[in-house]
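Student: Following this line is entry_16.pdb, made up of PDB, C-alpha atoms:
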ATOM      1  CA  MET A   1      71.319 103.830 -11.946
ATOM      2  CA  LYS A   2      70.732 105.741 -15.150
ATOM      3  CA  ASP A   3      67.001 105.035 -14.846
ATOM      4  CA  LYS A   4      66.980 106.520 -11.388
ATOM      5  CA  LYS A   5      68.708 109.660 -12.626
ATOM      6  CA  LEU A   6      66.322 109.893 -15.549
ATOM      7  CA  ASN A   7      63.294 109.534 -13.272
ATOM      8  CA  GLN A   8      64.732 112.206 -10.978
ATOM      9  CA  LEU A   9      65.136 114.506 -13.937
ATOM     10  CA  PHE A  10      61.521 113.940 -14.987
ATOM     11  CA  ALA A  11      60.242 114.427 -11.437
ATOM     12  CA  ALA A  12      62.181 117.678 -11.060
ATOM     13  CA  ALA A  13      61.045 118.926 -14.478
ATOM     14  CA  ARG A  14      57.420 118.219 -13.491
ATOM     15  CA  ARG A  15      57.782 120.696 -10.613
ATOM     16  CA  GLU A  16      58.656 123.525 -12.955
ATOM     17  CA  ASN A  17      56.080 126.327 -12.835
ATOM     18  CA  PRO A  18      54.524 127.385 -16.122
ATOM     19  CA  PRO A  19      55.328 130.941 -17.225
ATOM     20  CA  ALA A  20      52.907 133.749 -16.542
ATOM     21  CA  VAL A  21      50.892 134.824 -19.548
ATOM     22  CA  PRO A  22      51.948 138.333 -20.663
ATOM     23  CA  ALA A  23      49.365 141.059 -20.088
ATOM     24  CA  GLY A  24      47.182 141.816 -23.098
ATOM     25  CA  PHE A  25      47.902 138.490 -24.785
ATOM     26  CA  ALA A  26      44.235 137.761 -25.579
ATOM     27  CA  GLU A  27      43.837 141.207 -27.155
ATOM     28  CA  ARG A  28      46.936 140.621 -29.289
ATOM     29  CA  VAL A  29      45.479 137.324 -30.485
ATOM     30  CA  GLN A  30      42.230 139.090 -31.403
ATOM     31  CA  HIS A  31      44.220 141.750 -33.264
ATOM     32  CA  SER A  32      46.204 139.163 -35.246
ATOM     33  CA  ILE A  33      42.952 137.364 -36.104
ATOM     34  CA  GLU A  34      41.479 140.597 -37.443
ATOM     35  CA  GLN A  35      44.656 141.264 -39.419
ATOM     36  CA  SER A  36      44.680 137.769 -40.892
ATOM     37  CA  ALA A  37      40.981 138.078 -41.751
ATOM     38  CA  THR A  38      41.732 141.255 -43.699
ATOM     39  CA  ALA A  39      44.779 139.748 -45.386
ATOM     40  CA  ASN A  40      42.896 136.596 -46.307
ATOM     41  CA  ALA A  41      39.821 138.364 -47.627
ATOM     42  CA  PRO A  42      38.891 136.642 -50.903
ATOM     43  CA  VAL A  43      39.986 138.537 -54.009
ATOM     44  CA  ILE A  44      37.112 138.429 -56.484
ATOM     45  CA  THR A  45      38.340 137.755 -60.011
ATOM     46  CA  LEU A  46      35.786 138.438 -62.711
ATOM     47  CA  SER A  47      35.670 136.412 -65.896
ATOM     48  CA  PHE A  48      35.326 138.099 -69.299
ATOM     49  CA  ILE A  49      31.627 137.242 -69.396
ATOM     50  CA  ASP A  50      31.118 138.652 -65.881
ATOM     51  CA  GLN A  51      32.797 141.897 -66.866
ATOM     52  CA  LEU A  52      30.732 142.057 -70.058
ATOM     53  CA  ASN A  53      27.583 141.450 -68.060
ATOM     54  CA  ARG A  54      28.518 144.041 -65.462
ATOM     55  CA  ASN A  55      29.192 146.771 -68.125
ATOM     56  CA  PHE A  56      26.452 145.733 -70.536
ATOM     57  CA  THR A  57      24.382 148.934 -70.144
ATOM     58  CA  ARG A  58      27.411 151.152 -70.786
ATOM     59  CA  TYR A  59      28.425 149.165 -73.864
ATOM     60  CA  ALA A  60      24.855 149.165 -75.207
ATOM     61  CA  VAL A  61      24.457 152.941 -74.776
ATOM     62  CA  SER A  62      27.888 153.573 -76.369
ATOM     63  CA  ALA A  63      27.076 151.310 -79.307
ATOM     64  CA  ALA A  64      23.644 152.945 -79.839
ATOM     65  CA  ALA A  65      25.221 156.406 -79.689
ATOM     66  CA  MET A  66      27.841 155.367 -82.240
ATOM     67  CA  ILE A  67      25.190 153.934 -84.600
ATOM     68  CA  MET A  68      23.079 157.076 -84.318
ATOM     69  CA  LEU A  69      26.122 159.278 -84.977
ATOM     70  CA  CYS A  70      27.056 157.280 -88.075
ATOM     71  CA  ALA A  71      23.445 157.383 -89.354
ATOM     72  CA  ALA A  72      23.280 161.119 -88.775
ATOM     73  CA  LEU A  73      26.553 161.654 -90.624
ATOM     74  CA  GLU A  74      25.353 159.507 -93.500
ATOM     75  CA  LEU A  75      22.048 161.349 -93.716
ATOM     76  CA  GLY A  76      23.807 164.696 -93.527
ATOM     77  CA  GLN A  77      26.142 163.724 -96.298
ATOM     78  CA  THR A  78      23.270 162.493 -98.440
ATOM     79  CA  TYR A  79      21.409 165.770 -98.103
ATOM     80  CA  THR A  80      24.439 167.967 -98.704
ATOM     81  CA  SER A  81      25.967 166.120-101.685
ATOM     82  CA  ASP A  82      24.418 166.409-105.200
ATOM     83  CA  THR A  83      25.253 162.887-106.319
ATOM     84  CA  SER A  84      22.501 160.330-106.813
ATOM     85  CA  ILE A  85      22.561 156.658-105.887
ATOM     86  CA  ASP A  86      23.225 155.766-109.565
ATOM     87  CA  ASP A  87      26.387 157.841-109.490
ATOM     88  CA  ASP A  88      27.490 156.051-106.333
ATOM     89  CA  LEU A  89      26.868 152.638-107.902
ATOM     90  CA  ASN A  90      28.807 153.608-110.990
ATOM     91  CA  GLN A  91      31.671 154.782-108.835
ATOM     92  CA  ILE A  92      31.742 151.461-106.993
ATOM     93  CA  CYS A  93      31.671 149.503-110.277
ATOM     94  CA  THR A  94      34.504 151.574-111.665
ATOM     95  CA  ASP A  95      36.551 151.032-108.516
ATOM     96  CA  TRP A  96      35.990 147.269-108.547
ATOM     97  CA  GLY A  97      36.354 146.868-112.285
ATOM     98  CA  CYS A  98      32.929 145.330-112.992
ATOM     99  CA  THR A  99      30.389 146.147-115.720
ATOM    100  CA  ASP A 100      28.506 149.342-115.430
ATOM    101  CA  LEU A 101      25.117 148.413-113.881
ATOM    102  CA  SER A 102      23.373 151.567-114.984
ATOM    103  CA  GLN A 103      23.741 150.572-118.600
TER     104      GLN A 103
ATOM    105  CA  MET B 104      31.465 136.707 -17.065
ATOM    106  CA  VAL B 105      30.773 133.525 -18.984
ATOM    107  CA  ASN B 106      32.673 130.499 -17.703
ATOM    108  CA  ASP B 107      31.510 127.842 -20.060
ATOM    109  CA  ASP B 108      33.789 127.339 -23.059
ATOM    110  CA  ALA B 109      31.000 125.664 -25.036
ATOM    111  CA  GLU B 110      28.798 128.709 -24.580
ATOM    112  CA  LEU B 111      31.652 130.990 -25.636
ATOM    113  CA  VAL B 112      32.234 128.873 -28.747
ATOM    114  CA  ALA B 113      28.531 129.202 -29.567
ATOM    115  CA  ARG B 114      28.806 132.982 -29.162
ATOM    116  CA  VAL B 115      31.881 133.095 -31.435
ATOM    117  CA  ARG B 116      29.946 131.165 -34.059
ATOM    118  CA  ALA B 117      27.029 133.561 -33.674
ATOM    119  CA  GLY B 118      29.431 136.377 -34.576
ATOM    120  CA  SER B 119      30.107 137.951 -31.165
ATOM    121  CA  PRO B 120      33.433 139.782 -31.562
ATOM    122  CA  ASP B 121      34.489 139.650 -27.904
ATOM    123  CA  ALA B 122      33.654 136.005 -27.275
ATOM    124  CA  TYR B 123      36.886 134.664 -28.771
ATOM    125  CA  THR B 124      39.002 137.060 -26.688
ATOM    126  CA  GLU B 125      37.191 135.698 -23.643
ATOM    127  CA  LEU B 126      37.812 132.136 -24.839
ATOM    128  CA  VAL B 127      41.527 132.912 -25.220
ATOM    129  CA  ARG B 128      41.641 134.367 -21.696
ATOM    130  CA  HIS B 129      40.070 131.178 -20.334
ATOM    131  CA  ASN B 130      42.577 128.874 -21.980
ATOM    132  CA  GLN B 131      45.784 130.881 -22.401
ATOM    133  CA  GLN B 132      47.467 129.585 -19.237
ATOM    134  CA  GLN B 133      46.938 125.965 -20.283
ATOM    135  CA  VAL B 134      48.343 126.620 -23.768
ATOM    136  CA  PHE B 135      51.373 128.421 -22.338
ATOM    137  CA  SER B 136      51.993 125.493 -19.959
ATOM    138  CA  ILE B 137      51.981 122.990 -22.819
ATOM    139  CA  LEU B 138      54.210 125.041 -25.106
ATOM    140  CA  HIS B 139      56.678 125.963 -22.376
ATOM    141  CA  ARG B 140      57.611 122.290 -22.143
ATOM    142  CA  TYR B 141      59.139 122.529 -25.610
ATOM    143  CA  GLU B 142      60.504 126.069 -25.698
ATOM    144  CA  ARG B 143      62.192 128.059 -22.951
ATOM    145  CA  ASP B 144      62.297 131.434 -24.689
ATOM    146  CA  LEU B 145      59.164 133.213 -23.463
ATOM    147  CA  HIS B 146      58.893 135.376 -26.565
ATOM    148  CA  LEU B 147      58.866 132.270 -28.718
ATOM    149  CA  VAL B 148      56.344 130.622 -26.391
ATOM    150  CA  GLU B 149      54.078 133.638 -26.880
ATOM    151  CA  ASP B 150      54.472 133.406 -30.663
ATOM    152  CA  LEU B 151      53.609 129.713 -30.567
ATOM    153  CA  ALA B 152      50.621 130.356 -28.308
ATOM    154  CA  GLN B 153      49.380 132.997 -30.721
ATOM    155  CA  ASP B 154      49.814 130.534 -33.580
ATOM    156  CA  THR B 155      47.816 127.953 -31.601
ATOM    157  CA  PHE B 156      44.885 130.303 -30.998
ATOM    158  CA  LEU B 157      44.966 131.499 -34.612
ATOM    159  CA  LYS B 158      44.802 127.898 -35.854
ATOM    160  CA  ALA B 159      42.019 127.133 -33.375
ATOM    161  CA  TRP B 160      40.030 130.128 -34.610
ATOM    162  CA  ARG B 161      40.417 129.036 -38.226
ATOM    163  CA  ALA B 162      39.396 125.462 -37.395
ATOM    164  CA  LEU B 163      36.553 126.390 -35.070
ATOM    165  CA  ALA B 164      33.989 125.242 -37.635
ATOM    166  CA  SER B 165      35.366 121.689 -37.293
ATOM    167  CA  PHE B 166      34.962 121.667 -33.480
ATOM    168  CA  ASP B 167      31.998 119.363 -32.949
ATOM    169  CA  GLY B 168      31.766 119.752 -29.170
ATOM    170  CA  ARG B 169      31.983 116.011 -28.461
ATOM    171  CA  ALA B 170      35.207 116.525 -26.481
ATOM    172  CA  PRO B 171      35.733 119.560 -24.230
ATOM    173  CA  PHE B 172      37.112 122.648 -25.964
ATOM    174  CA  GLN B 173      40.218 122.537 -23.717
ATOM    175  CA  HIS B 174      41.096 119.084 -24.944
ATOM    176  CA  TRP B 175      40.586 120.077 -28.596
ATOM    177  CA  LEU B 176      42.783 123.143 -28.052
ATOM    178  CA  SER B 177      45.479 121.021 -26.344
ATOM    179  CA  ARG B 178      45.687 118.860 -29.471
ATOM    180  CA  ILE B 179      46.311 121.928 -31.583
ATOM    181  CA  ALA B 180      48.937 123.173 -29.108
ATOM    182  CA  VAL B 181      50.719 119.797 -29.163
ATOM    183  CA  HIS B 182      50.829 119.860 -32.968
ATOM    184  CA  VAL B 183      52.136 123.434 -32.964
ATOM    185  CA  ALA B 184      54.820 122.304 -30.485
ATOM    186  CA  LEU B 185      55.705 119.315 -32.660
ATOM    187  CA  ASP B 186      56.084 121.544 -35.737
ATOM    188  CA  HIS B 187      58.268 123.875 -33.702
ATOM    189  CA  VAL B 188      60.507 121.027 -32.484
ATOM    190  CA  ARG B 189      60.816 119.775 -36.088
ATOM    191  CA  ARG B 190      61.799 123.241 -37.340
ATOM    192  CA  ARG B 191      64.318 123.665 -34.526
ATOM    193  CA  LYS B 192      65.789 120.229 -35.189
ATOM    194  CA  ARG B 193      66.209 121.046 -38.886
ATOM    195  CA  LEU B 194      67.928 124.323 -38.045
ATOM    196  CA  SER B 195      70.257 123.037 -35.327
ATOM    197  CA  GLY B 196      71.157 119.727 -36.979
ATOM    198  CA  THR B 197      73.831 118.624 -34.546
ATOM    199  CA  ILE B 198      73.663 118.297 -30.777
ATOM    200  CA  ALA B 199      75.024 121.412 -29.146
ATOM    201  CA  LEU B 200      76.779 121.199 -25.806
ATOM    202  CA  PRO B 201      76.451 124.587 -24.178
ATOM    203  CA  ASP B 202      77.916 125.048 -20.740
ATOM    204  CA  LEU B 203      75.687 123.625 -18.065
ATOM    205  CA  GLY B 204      75.418 125.388 -14.733
ATOM    206  CA  GLU B 205      77.834 124.257 -11.998
ATOM    207  CA  ASP B 206      75.003 122.640  -9.992
ATOM    208  CA  SER B 207      73.825 120.671 -13.016
ATOM    209  CA  VAL B 208      77.393 119.503 -13.693
ATOM    210  CA  SER B 209      77.917 118.343 -10.122
ATOM    211  CA  TRP B 210      74.552 116.544 -10.182
ATOM    212  CA  LEU B 211      75.619 114.694 -13.325
ATOM    213  CA  ARG B 212      78.897 113.738 -11.627
ATOM    214  CA  ASP B 213      77.140 112.438  -8.528
ATOM    215  CA  GLU B 214      77.217 108.683  -8.307
ATOM    216  CA  LEU B 215      75.114 107.249  -5.455
ATOM    217  CA  PRO B 216      72.403 108.443  -4.783
ATOM    218  CA  PRO B 217      71.857 111.532  -6.913
ATOM    219  CA  ARG B 218      70.601 114.386  -4.760
ATOM    220  CA  GLU B 219      67.418 116.337  -5.328
ATOM    221  CA  LEU B 220      67.575 118.598  -8.354
ATOM    222  CA  GLU B 221      65.913 121.962  -8.931
ATOM    223  CA  ALA B 222      63.327 122.159 -11.697
ATOM    224  CA  ARG B 223      65.357 124.696 -13.680
ATOM    225  CA  GLN B 224      68.497 122.521 -13.558
ATOM    226  CA  ALA B 225      66.556 119.402 -14.505
ATOM    227  CA  ARG B 226      65.104 121.252 -17.429
ATOM    228  CA  GLU B 227      68.586 122.411 -18.457
ATOM    229  CA  ILE B 228      69.908 118.841 -18.543
ATOM    230  CA  LEU B 229      66.751 117.395 -20.094
ATOM    231  CA  ASP B 230      66.699 119.997 -22.869
ATOM    232  CA  LEU B 231      70.214 118.983 -23.763
ATOM    233  CA  ALA B 232      69.488 115.253 -23.625
ATOM    234  CA  LEU B 233      66.223 115.641 -25.562
ATOM    235  CA  GLN B 234      68.173 116.920 -28.551
ATOM    236  CA  SER B 235      69.249 113.366 -29.281
ATOM    237  CA  LEU B 236      65.589 112.368 -29.830
ATOM    238  CA  SER B 237      63.467 112.736 -32.922
ATOM    239  CA  PRO B 238      60.750 115.435 -32.706
ATOM    240  CA  THR B 239      57.956 112.879 -32.262
ATOM    241  CA  GLU B 240      59.929 111.060 -29.548
ATOM    242  CA  GLN B 241      60.509 114.376 -27.782
ATOM    243  CA  VAL B 242      56.811 115.137 -27.779
ATOM    244  CA  VAL B 243      55.788 111.651 -26.637
ATOM    245  CA  ILE B 244      58.278 111.483 -23.762
ATOM    246  CA  THR B 245      57.409 115.029 -22.654
ATOM    247  CA  LEU B 246      53.687 114.281 -22.657
ATOM    248  CA  MET B 247      54.191 110.985 -20.856
ATOM    249  CA  GLU B 248      56.918 111.674 -18.309
ATOM    250  CA  ILE B 249      56.724 115.411 -17.653
ATOM    251  CA  GLU B 250      53.066 116.207 -18.223
ATOM    252  CA  GLY B 251      51.974 112.839 -16.858
ATOM    253  CA  HIS B 252      49.514 111.863 -19.600
ATOM    254  CA  SER B 253      48.424 108.262 -20.103
ATOM    255  CA  VAL B 254      49.101 106.406 -23.378
ATOM    256  CA  LYS B 255      45.415 106.740 -24.280
ATOM    257  CA  GLU B 256      45.506 110.491 -23.727
ATOM    258  CA  ILE B 257      48.675 110.826 -25.802
ATOM    259  CA  CYS B 258      47.004 108.874 -28.621
ATOM    260  CA  SER B 259      44.161 111.348 -28.563
ATOM    261  CA  LEU B 260      46.490 114.362 -28.425
ATOM    262  CA  THR B 261      48.847 113.271 -31.184
ATOM    263  CA  GLY B 262      46.550 111.125 -33.303
ATOM    264  CA  ASP B 263      49.007 108.192 -33.219
ATOM    265  CA  SER B 264      48.262 104.573 -32.285
ATOM    266  CA  SER B 265      48.968 103.260 -28.785
ATOM    267  CA  VAL B 266      51.575 100.836 -30.185
ATOM    268  CA  ALA B 267      53.419 103.689 -31.873
ATOM    269  CA  ILE B 268      53.317 105.723 -28.650
ATOM    270  CA  ARG B 269      54.678 102.845 -26.538
ATOM    271  CA  VAL B 270      57.456 102.121 -29.030
ATOM    272  CA  ARG B 271      58.435 105.803 -29.229
ATOM    273  CA  ALA B 272      58.410 106.175 -25.448
ATOM    274  CA  MET B 273      60.627 103.107 -25.016
ATOM    275  CA  ARG B 274      63.034 104.274 -27.715
ATOM    276  CA  ALA B 275      63.088 107.755 -26.235
ATOM    277  CA  ARG B 276      63.992 106.467 -22.764
ATOM    278  CA  THR B 277      66.853 104.383 -24.182
ATOM    279  CA  LYS B 278      68.185 107.355 -26.125
ATOM    280  CA  LEU B 279      67.842 109.644 -23.104
ATOM    281  CA  ARG B 280      69.784 107.224 -20.912
ATOM    282  CA  LYS B 281      72.563 107.180 -23.497
ATOM    283  CA  ALA B 282      72.474 110.959 -23.829
ATOM    284  CA  ILE B 283      72.831 111.386 -20.064
ATOM    285  CA  GLU B 284      75.748 108.967 -20.054
ATOM    286  CA  ALA B 285      77.321 110.984 -22.850
ATOM    287  CA  LEU B 286      76.755 114.197 -20.898
ATOM    288  CA  GLU B 287      78.303 112.673 -17.772
ATOM    289  CA  THR B 288      81.356 111.623 -19.765
ATOM    290  CA  SER B 289      81.700 115.006 -21.437
ATOM    291  CA  GLU B 290      81.293 116.772 -18.081
ATOM    292  CA  HIS B 291      83.948 114.534 -16.521
ATOM    293  CA  GLU B 292      86.301 115.506 -19.307
ATOM    294  CA  ARG B 293      85.658 119.213 -18.767
TER     295      ARG B 293
END
Before anything else, please render the file you have as structure tokens.
Tutor:
Amino acid sequence: MKDKKLNQLFAAARRENPPAVPAGFAERVQHSIEQSATANAPVITLSFIDQLNRNFTRYAVSAAAMIMLCAALELGQTYTSDTSIDDDLNQICTDWGCTDLSQ
Amino acid sequence: MVNDDAELVARVRAGSPDAYTELVRHNQQQVFSILHRYERDLHLVEDLAQDTFLKAWRALASFDGRAPFQHWLSRIAVHVALDHVRRRKRLSGTIALPDLGEDSVSWLRDELPPRELEARQAREILDLALQSLSPTEQVVITLMEIEGHSVKEICSLTGDSSVAIRVRAMRARTKLRKAIEALETSEHER
């Protein structure tokens, strides 16, 4: 008895018509695919070495400019001051408490 | 208009932007038919269908073309349906007994022989009785008894063995019989 009822239920359910697909469904799927493609775009993470490599030219130019500036300052100071290298050495020895090399 | 799914898949792979929309149009009715067996709310069916096509698009690289595209897509739809039934089962937990329509109640009360039932009423009763089944049992019995698939086809759609399918189908029928008995009793008491 129960089997008969069950089979009737299945047979009746089989006759049910599938729902109509809403208009523009395929376009909505395409839109969600495009959205998910944008959202899932890979985020590129650069390692320290990669970043160093990428900015190498900038760092090199900055470092060269800094070296040249320091050299120029040093040269300028040398030309403008009246102290000799012996005086400088003596000053260093006095500061560090060692024997006077000029003697 | 291109009618061959395999050709459309090839065009999608070649990078044609409209080919997948065309592929969706070709197969949307079939996907809706499968998913509607497990969900009556049309908005939810549309969400599930969209999920199915999104998953298919992501997995398109794994489609080897040995089986027809429709069959491959049906497998994805069945798995989306199974996930949905699992989620719903987790959320509902207990069997709900909403009011059945008067015609469905009188059909349940009928003794010998039960008269012909409308599809909508059958679905109403079945949906209620199916709640007593596990998600996998629900899918197996729906594929077998409502969609009319063979055991071999269900194996291919679900990825389970034929023994597992037969056992689940048998268990599902027993549980459904009990559920209908329980419904009859509860309707008598109403």
Student: When the ChimeraX specification (/B :<7) & /A is applied to the structure above, which residues does it catch, written out as a PDB file with C-alpha atoms, keeping the file's coordinate frame?
Tutor:
ATOM      1  CA  LYS A   2      70.732 105.741 -15.150  1.00  0.00           C
ATOM      2  CA  LYS A   5      68.708 109.660 -12.626  1.00  0.00           C
ATOM      3  CA  LEU A   6      66.322 109.893 -15.549  1.00  0.00           C
ATOM      4  CA  LEU A   9      65.136 114.506 -13.937  1.00  0.00           C
ATOM      5  CA  PHE A  10      61.521 113.940 -14.987  1.00  0.00           C
ATOM      6  CA  ALA A  12      62.181 117.678 -11.060  1.00  0.00           C
ATOM      7  CA  ALA A  13      61.045 118.926 -14.478  1.00  0.00           C
ATOM      8  CA  ARG A  14      57.420 118.219 -13.491  1.00  0.00           C
ATOM      9  CA  ARG A  15      57.782 120.696 -10.613  1.00  0.00           C
ATOM     10  CA  GLU A  16      58.656 123.525 -12.955  1.00  0.00           C
ATOM     11  CA  PRO A  18      54.524 127.385 -16.122  1.00  0.00           C
ATOM     12  CA  PRO A  19      55.328 130.941 -17.225  1.00  0.00           C
ATOM     13  CA  VAL A  21      50.892 134.824 -19.548  1.00  0.00           C
ATOM     14  CA  ALA A  26      44.235 137.761 -25.579  1.00  0.00           C
ATOM     15  CA  GLU A  27      43.837 141.207 -27.155  1.00  0.00           C
ATOM     16  CA  VAL A  29      45.479 137.324 -30.485  1.00  0.00           C
ATOM     17  CA  GLN A  30      42.230 139.090 -31.403  1.00  0.00           C
ATOM     18  CA  ILE A  33      42.952 137.364 -36.104  1.00  0.00           C
TER      19      ILE A  33
END
Student: Report the distance between atom CA of Ala117 of chain B and atom CA of Phe166 of chain B in Å, rounded to one decimal place.
Tutor: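 Distance between the two atoms: 14.3 Å.
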Student: For Cys258 of chain B, list every protein, DNA or RNA residue within 12 Å, evaluated using all atoms listed in the file, and leave out those in the same chain fewer than 6 positions away; present the list as a list in words.
Tutor: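 The residues satisfying every condition are Arg178, Val181, Val242, Val243, Leu246, Met247, His252, Ser264, Ser265, Val266, Ala267, Ile268, Arg269 and Arg271 of chain B.
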Student: Take the residues that were just selected and, keeping C-alpha atoms, output them as a short mmCIF file (atom, residue, chain, number, x, y, z; two decimals), keeping the file's coordinate frame.
Tutor:
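Saved result, again_35.cif, follows:
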data_model
loop_
_atom_site.label_atom_id
_atom_site.label_comp_id
_atom_site.auth_asym_id
_atom_site.auth_seq_id
_atom_site.Cartn_x
_atom_site.Cartn_y
_atom_site.Cartn_z
CA ARG B 178 45.69 118.86 -29.47
CA VAL B 181 50.72 119.80 -29.16
CA VAL B 242 56.81 115.14 -27.78
CA VAL B 243 55.79 111.65 -26.64
CA LEU B 246 53.69 114.28 -22.66
CA MET B 247 54.19 110.98 -20.86
CA HIS B 252 49.51 111.86 -19.60
CA SER B 264 48.26 104.57 -32.28
CA SER B 265 48.97 103.26 -28.78
CA VAL B 266 51.58 100.84 -30.18
CA ALA B 267 53.42 103.69 -31.87
CA ILE B 268 53.32 105.72 -28.65
CA ARG B 269 54.68 102.84 -26.54
CA ARG B 271 58.44 105.80 -29.23
#
Student: Grab the atom CA of Ala184 of chain B to atom CA of Gln241 of chain B distance for me, in Å with one decimal place.
Tutor: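 These atoms are spaced 10.1 Å apart.
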Student: For atom CA of Glu287 of chain B and atom CA of Lys192 of chain B, quote the distance in Å rounded to one decimal.
Tutor: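 Computing it gives 22.7 Å between the two atoms.
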Student: Determine the nearest neighbour of His187 of chain B from the options B:Ser165, B:Thr239, B:Phe172, B:Val115, counting only C-alpha atoms.
Tutor: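 Looking at the shortest contact to His187 of chain B, the residue is B:Thr239.
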Student: Excluding His174 of chain B and residues on its chain fewer than 4 positions from it, collect all residues at most 10 Å away from it, counting all atoms listed in the file, and give them as an MDAnalysis selection string.
Tutor: chainID B and resid 170 178:180 256 259:260
Student: To test the calculation: enclose all listed atoms of segment 258-277 of chain B in a box whose edges run along x, y and z, add 5 Å on each side, then state centre and edge lengths in Å to one decimal, as lines of an AutoDock Vina configuration file.
Tutor:
center_x = 55.5
center_y = 107.6
center_z = -28.0
size_x = 32.7
size_y = 23.5
size_z = 20.5
